[in-house]
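Down below is the structure, laid out as structure tokens.
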Amino acid sequence: MSYQTILFSNEGGIARITLNRPERLNAFSEQMHEDLRDAIGRVRADAPAAKTADFVPAAKTADFVPAAKTADFVPARVLVLSGAGRGFCAGQDLSERKPVVNGEPRDLSTTLERNYKPLILSLRTLDLPVIGVVNGVAAGAGVSLALACDIVIAAKSASFILAFAKLGLVPDAGLTYFLPRLIGPGRARAVSMLGERIGAEQAAQWGMIWRCVEDGDLSAEADKLAQHFAQAPTRGVALTKQVIDASFDNGLGAQISLEAKLQAELGRTNDYKEGVAAFLEKRMAKFTGS
Ligand code: LHQ
């Protein structure tokens, strides 16, 4: 499947989306949102035990054609998201969002509701781990995109800029949800109000991202993670994602009950049986994601 603004592949259980507008540091255009909706919709449709949860995927589903499945087709068990060129994503393409349209101030909520909200929810509700590989600068909604991933690794030279402050805007596309939870409200307030560049090492020290690695090691480290998840007990990983997200809204009792409910489901999977058998037989487990 080929797209205008992203690169997409789905092989060996690993789906990869690379934002591909390097001349604009992969800033979001309307077309990119459309391409992302379609590609993530395909990954979702192919994922083992795919569920829609509370997310309604692509609005544009009329011409959605599921990928042709050959005999050796392996559904994606992990999604890797990265950027082409020297940037990860510079947020909204500002040349497409001039403040005045036909003499009237632009209503910025429209694109947030129509494009960014479904994008961020589609990643958070995807029943697969999403690895964000931050190869260079992430700014504005590009930071939101990175933090919507489950595991974020960044090159040492990468950075995060809450550019909203420089435009007189609030952080958006979920950033005010993710940031205080990841780094605490004190830091979240300061970095949001100042819009200063946060280096990848600092981001890792604060717990905003998982790891910061040498620039030359980024793609190998990302591949290692992707390979790990391509052979992991996929349903267990998906429900781990769900249960941790739910913990922000639940009290302790409700959270323990949710863990019990999800564990009941996982106790019936082939991967649980295989994990226990492999332990008892002192061998490596061969998980199938079922
Ligand atoms: C860009 C962009 C860009 C267009 C670099 N747009 N061209 C949601 C809903 C609705 C409306 C508003 O916003 C939002 C959410 C948001 O995301 S708001 C935040 C939008 N993003 C920004 O404000 C970041 C703007 N970019 C920058 O500040 C810099 O480009 C950074 C700090 C990211 C990188 O700086 P440099 O490394 O010095 O690169 P550069 O500035 O030279 O950029 C390279 C090219 O990319 C350049 O084009 P050119 O033709 O001059 O080579 C930039 O104009 C273009 N570019 N970001 N967001």
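Chains: A, B, ... in order of the structure tokens. Residues: from 1 per chain. Ligands: from 1, in order shown.
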
Which residues of chain A come within 6 Å of ligand 1, and for each one, what is the closest pair of atoms and their distance in Å to one decimal, counting only C-alpha atoms and all ligand atoms, sorted by chain and residue number, as a Markdown table?
```
| residue | atom | partner | partner_atom_place_in_ligand_line | distance |
| --- | --- | --- | --- | --- |
| A:Glu23 | CA | ligand 1 | 46 (O) | 5.6 |
| A:Arg24 | CA | ligand 1 | 46 (O) | 3.5 |
| A:Leu25 | CA | ligand 1 | 46 (O) | 5.0 |
| A:Ala27 | CA | ligand 1 | 58 (N) | 5.2 |
| A:Ala90 | CA | ligand 1 | 57 (N) | 4.7 |
| A:Gly91 | CA | ligand 1 | 17 (O) | 3.4 |
| A:Gln92 | CA | ligand 1 | 17 (O) | 3.8 |
| A:Asp93 | CA | ligand 1 | 6 (N) | 3.3 |
| A:Leu94 | CA | ligand 1 | 6 (N) | 4.1 |
| A:Ser95 | CA | ligand 1 | 4 (C) | 5.4 |
| A:Arg97 | CA | ligand 1 | 11 (C) | 5.8 |
| A:Leu108 | CA | ligand 1 | 10 (C) | 4.9 |
| A:Thr111 | CA | ligand 1 | 9 (C) | 5.9 |
| A:Leu112 | CA | ligand 1 | 9 (C) | 5.5 |
| A:Val137 | CA | ligand 1 | 33 (C) | 6.0 |
| A:Ala139 | CA | ligand 1 | 24 (C) | 5.2 |
| A:Gly140 | CA | ligand 1 | 17 (O) | 3.7 |
| A:Ala141 | CA | ligand 1 | 17 (O) | 3.7 |
| A:Ala163 | CA | ligand 1 | 23 (O) | 4.7 |
| A:Phe164 | CA | ligand 1 | 18 (S) | 5.0 |
```

Enumerate, as a PyMOL selection string, the complete set of residues in region 134-198 of chain A that a backbone-based DSSP assignment places in alpha helix (DSSP H).
chain A and resi 141-147+164-167+175-183+185-194

Nearest-residue call for Val191 (chain A), choices A:Ala222, A:Val213, A:Ile161, A:Ala204, using only C-alpha atoms:
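Among A:Ala222, A:Val213, A:Ile161, A:Ala204, it is A:Ile161 that comes nearest to Val191 (chain A).
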
Go through region 89-130 of chain A residue by residue and, counting only C-alpha atoms, keep those with an atom at most 12 Å from region 37-48 of chain A; for each kept residue give the shortest atom pair and its distance in Å to one decimal, ordered by chain and increasing number, as a tab-separated table.
```
residue	atom	partner	partner_atom	distance
A:Arg114	CA	A:Arg37	CA	10.9
A:Asn115	CA	A:Arg37	CA	8.6
A:Tyr116	CA	A:Arg37	CA	10.1
A:Lys117	CA	A:Arg37	CA	11.2
A:Pro118	CA	A:Arg37	CA	8.1
A:Leu119	CA	A:Arg37	CA	6.8
A:Ile120	CA	A:Arg37	CA	10.4
A:Leu121	CA	A:Ile40	CA	11.0
A:Ser122	CA	A:Ile40	CA	7.4
A:Leu123	CA	A:Ile40	CA	8.0
A:Arg124	CA	A:Ile40	CA	11.5
A:Thr125	CA	A:Arg44	CA	9.4
A:Leu126	CA	A:Arg44	CA	6.4
A:Asp127	CA	A:Ala47	CA	7.1
A:Leu128	CA	A:Ala47	CA	7.3
A:Pro129	CA	A:Ala47	CA	10.8
A:Val130	CA	A:Ile40	CA	10.9
```

Could you save those same residues with all heavy atoms as a short mmCIF file (atom, residue, chain, number, x, y, z; two decimals), in the first residue's frame?
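Dumped everything to out.cif:
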```cif
data_model
loop_
_atom_site.label_atom_id
_atom_site.label_comp_id
_atom_site.auth_asym_id
_atom_site.auth_seq_id
_atom_site.Cartn_x
_atom_site.Cartn_y
_atom_site.Cartn_z
N ARG A 114 -11.62 16.65 14.27
CA ARG A 114 -11.75 15.79 13.10
C ARG A 114 -10.49 14.94 12.84
O ARG A 114 -10.58 13.79 12.42
CB ARG A 114 -12.03 16.66 11.85
CG ARG A 114 -12.42 15.82 10.63
CD ARG A 114 -12.62 16.66 9.39
NE ARG A 114 -11.41 17.38 9.03
CZ ARG A 114 -11.39 18.66 8.71
NH1 ARG A 114 -12.48 19.38 8.69
NH2 ARG A 114 -10.24 19.25 8.39
N ASN A 115 -9.33 15.53 13.11
CA ASN A 115 -8.09 14.83 12.76
C ASN A 115 -7.29 14.32 13.96
O ASN A 115 -6.92 13.15 14.00
CB ASN A 115 -7.18 15.77 11.97
CG ASN A 115 -7.73 16.08 10.58
OD1 ASN A 115 -8.41 15.26 9.98
ND2 ASN A 115 -7.47 17.27 10.08
N TYR A 116 -6.99 15.22 14.89
CA TYR A 116 -6.05 14.83 15.95
C TYR A 116 -6.69 13.88 16.97
O TYR A 116 -6.05 12.94 17.42
CB TYR A 116 -5.49 16.07 16.66
CG TYR A 116 -4.52 16.83 15.78
CD1 TYR A 116 -4.96 17.88 14.96
CD2 TYR A 116 -3.17 16.51 15.74
CE1 TYR A 116 -4.08 18.57 14.14
CE2 TYR A 116 -2.28 17.19 14.93
CZ TYR A 116 -2.74 18.23 14.14
OH TYR A 116 -1.87 18.90 13.33
N LYS A 117 -7.93 14.17 17.34
CA LYS A 117 -8.56 13.31 18.37
C LYS A 117 -8.65 11.85 17.90
O LYS A 117 -8.21 10.94 18.61
CB LYS A 117 -9.93 13.89 18.74
CG LYS A 117 -10.60 13.17 19.89
CD LYS A 117 -11.89 13.89 20.26
CE LYS A 117 -12.68 13.11 21.28
NZ LYS A 117 -13.96 13.77 21.59
N PRO A 118 -9.19 11.59 16.69
CA PRO A 118 -9.21 10.19 16.23
C PRO A 118 -7.82 9.59 16.11
O PRO A 118 -7.62 8.42 16.41
CB PRO A 118 -9.89 10.27 14.85
CG PRO A 118 -10.56 11.58 14.80
CD PRO A 118 -9.85 12.50 15.74
N LEU A 119 -6.84 10.39 15.71
CA LEU A 119 -5.48 9.85 15.56
C LEU A 119 -4.94 9.39 16.92
O LEU A 119 -4.46 8.25 17.06
CB LEU A 119 -4.55 10.92 14.96
CG LEU A 119 -3.06 10.58 15.00
CD1 LEU A 119 -2.74 9.35 14.16
CD2 LEU A 119 -2.22 11.77 14.51
N ILE A 120 -5.03 10.26 17.90
CA ILE A 120 -4.48 9.93 19.22
C ILE A 120 -5.26 8.76 19.84
O ILE A 120 -4.67 7.82 20.38
CB ILE A 120 -4.49 11.18 20.14
CG1 ILE A 120 -3.63 12.31 19.53
CG2 ILE A 120 -4.04 10.84 21.55
CD1 ILE A 120 -2.17 11.99 19.31
N LEU A 121 -6.59 8.79 19.73
CA LEU A 121 -7.39 7.69 20.29
C LEU A 121 -7.11 6.38 19.55
O LEU A 121 -7.11 5.31 20.16
CB LEU A 121 -8.88 8.01 20.22
CG LEU A 121 -9.37 9.10 21.19
CD1 LEU A 121 -10.87 9.33 21.00
CD2 LEU A 121 -9.08 8.72 22.63
N SER A 122 -6.85 6.48 18.26
CA SER A 122 -6.60 5.23 17.51
C SER A 122 -5.32 4.56 17.99
O SER A 122 -5.22 3.34 17.98
CB SER A 122 -6.55 5.48 16.00
OG SER A 122 -5.39 6.19 15.64
N LEU A 123 -4.34 5.35 18.41
CA LEU A 123 -3.10 4.76 18.93
C LEU A 123 -3.30 4.22 20.34
O LEU A 123 -2.83 3.13 20.68
CB LEU A 123 -1.97 5.79 18.91
CG LEU A 123 -1.56 6.26 17.51
CD1 LEU A 123 -0.54 7.39 17.61
CD2 LEU A 123 -1.00 5.11 16.69
N ARG A 124 -4.01 4.98 21.16
CA ARG A 124 -4.20 4.54 22.55
C ARG A 124 -5.12 3.32 22.64
O ARG A 124 -5.05 2.57 23.60
CB ARG A 124 -4.78 5.67 23.44
CG ARG A 124 -3.89 6.84 23.70
CD ARG A 124 -2.53 6.58 24.35
NE ARG A 124 -2.46 5.47 25.26
CZ ARG A 124 -1.49 4.51 25.21
NH1 ARG A 124 -0.54 4.55 24.32
NH2 ARG A 124 -1.48 3.55 26.08
N THR A 125 -6.03 3.16 21.68
CA THR A 125 -6.96 2.02 21.76
C THR A 125 -6.55 0.88 20.84
O THR A 125 -7.26 -0.11 20.75
CB THR A 125 -8.41 2.45 21.42
OG1 THR A 125 -8.43 2.95 20.08
CG2 THR A 125 -8.92 3.52 22.36
N LEU A 126 -5.42 1.02 20.16
CA LEU A 126 -4.95 -0.07 19.31
C LEU A 126 -4.52 -1.23 20.21
O LEU A 126 -3.77 -1.02 21.17
CB LEU A 126 -3.76 0.42 18.46
CG LEU A 126 -3.24 -0.53 17.40
CD1 LEU A 126 -4.28 -0.76 16.30
CD2 LEU A 126 -1.96 0.02 16.77
N ASP A 127 -4.97 -2.44 19.89
CA ASP A 127 -4.64 -3.60 20.73
C ASP A 127 -3.25 -4.15 20.41
O ASP A 127 -3.05 -5.37 20.32
CB ASP A 127 -5.69 -4.70 20.51
CG ASP A 127 -6.89 -4.49 21.43
OD1 ASP A 127 -6.76 -3.73 22.41
OD2 ASP A 127 -7.95 -5.09 21.17
N LEU A 128 -2.32 -3.26 20.20
CA LEU A 128 -0.93 -3.63 19.92
C LEU A 128 -0.03 -2.60 20.59
O LEU A 128 -0.43 -1.44 20.75
CB LEU A 128 -0.65 -3.54 18.41
CG LEU A 128 -1.39 -4.44 17.46
CD1 LEU A 128 -0.95 -4.15 16.03
CD2 LEU A 128 -1.14 -5.90 17.79
N PRO A 129 1.19 -2.98 20.94
CA PRO A 129 2.12 -1.97 21.44
C PRO A 129 2.54 -1.04 20.30
O PRO A 129 2.74 -1.50 19.17
CB PRO A 129 3.30 -2.80 21.95
CG PRO A 129 3.22 -4.10 21.23
CD PRO A 129 1.77 -4.33 20.90
N VAL A 130 2.63 0.23 20.60
CA VAL A 130 3.08 1.21 19.61
C VAL A 130 4.42 1.78 20.09
O VAL A 130 4.51 2.30 21.20
CB VAL A 130 2.05 2.35 19.44
CG1 VAL A 130 2.53 3.34 18.38
CG2 VAL A 130 0.67 1.81 19.09
#
```

I'd like the interatomic distance between CA of Leu218 (chain A) and CA of Lys286 (chain A), to a tenth of an Å.
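Atom-to-atom, CA of Leu218 (chain A) and CA of Lys286 (chain A) are spaced 26.9 Å apart.
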
A:Ala285, A:Leu280, A:Ala154, A:Leu179: which is nearest Glu221 (chain A), counting only C-alpha atoms?
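Nearest candidate to Glu221 (chain A) out of A:Ala285, A:Leu280, A:Ala154, A:Leu179: A:Ala154.
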
Could you name the residues that touch Glu259 (chain A) at 12 Å or less, counting only C-alpha atoms, but leaving out those on the same chain fewer than 2 positions away, as JSON, numbers by chain?
{"A": [236, 239, 240, 241, 242, 243, 244, 245, 246, 247, 250, 252, 253, 254, 255, 256, 257, 261, 262, 263, 264, 265, 266, 267]}

Per-residue DSSP, region 78-280 of chain A, filtered to strand (DSSP E), as a PyMOL selection string
chain A and resi 78-83+87-89+100-101+104-105+130-134+137-139+151-155+159-161+197-199+211-213

Quote the spacing between CA of Glu113 (chain A) and CA of Asn26 (chain A) in Å to one decimal place.
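Separation of CA of Glu113 (chain A) and CA of Asn26 (chain A): 20.5 Å.
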
Need the shell around Pro180 (chain A): protein/DNA/RNA residues with any atom at most 12 Å away, counting only C-alpha atoms. Skip same-chain ones fewer than 3 positions apart. Format as number ranges by chain?
A: 147, 171, 174-177, 183-192, 206-208, 248
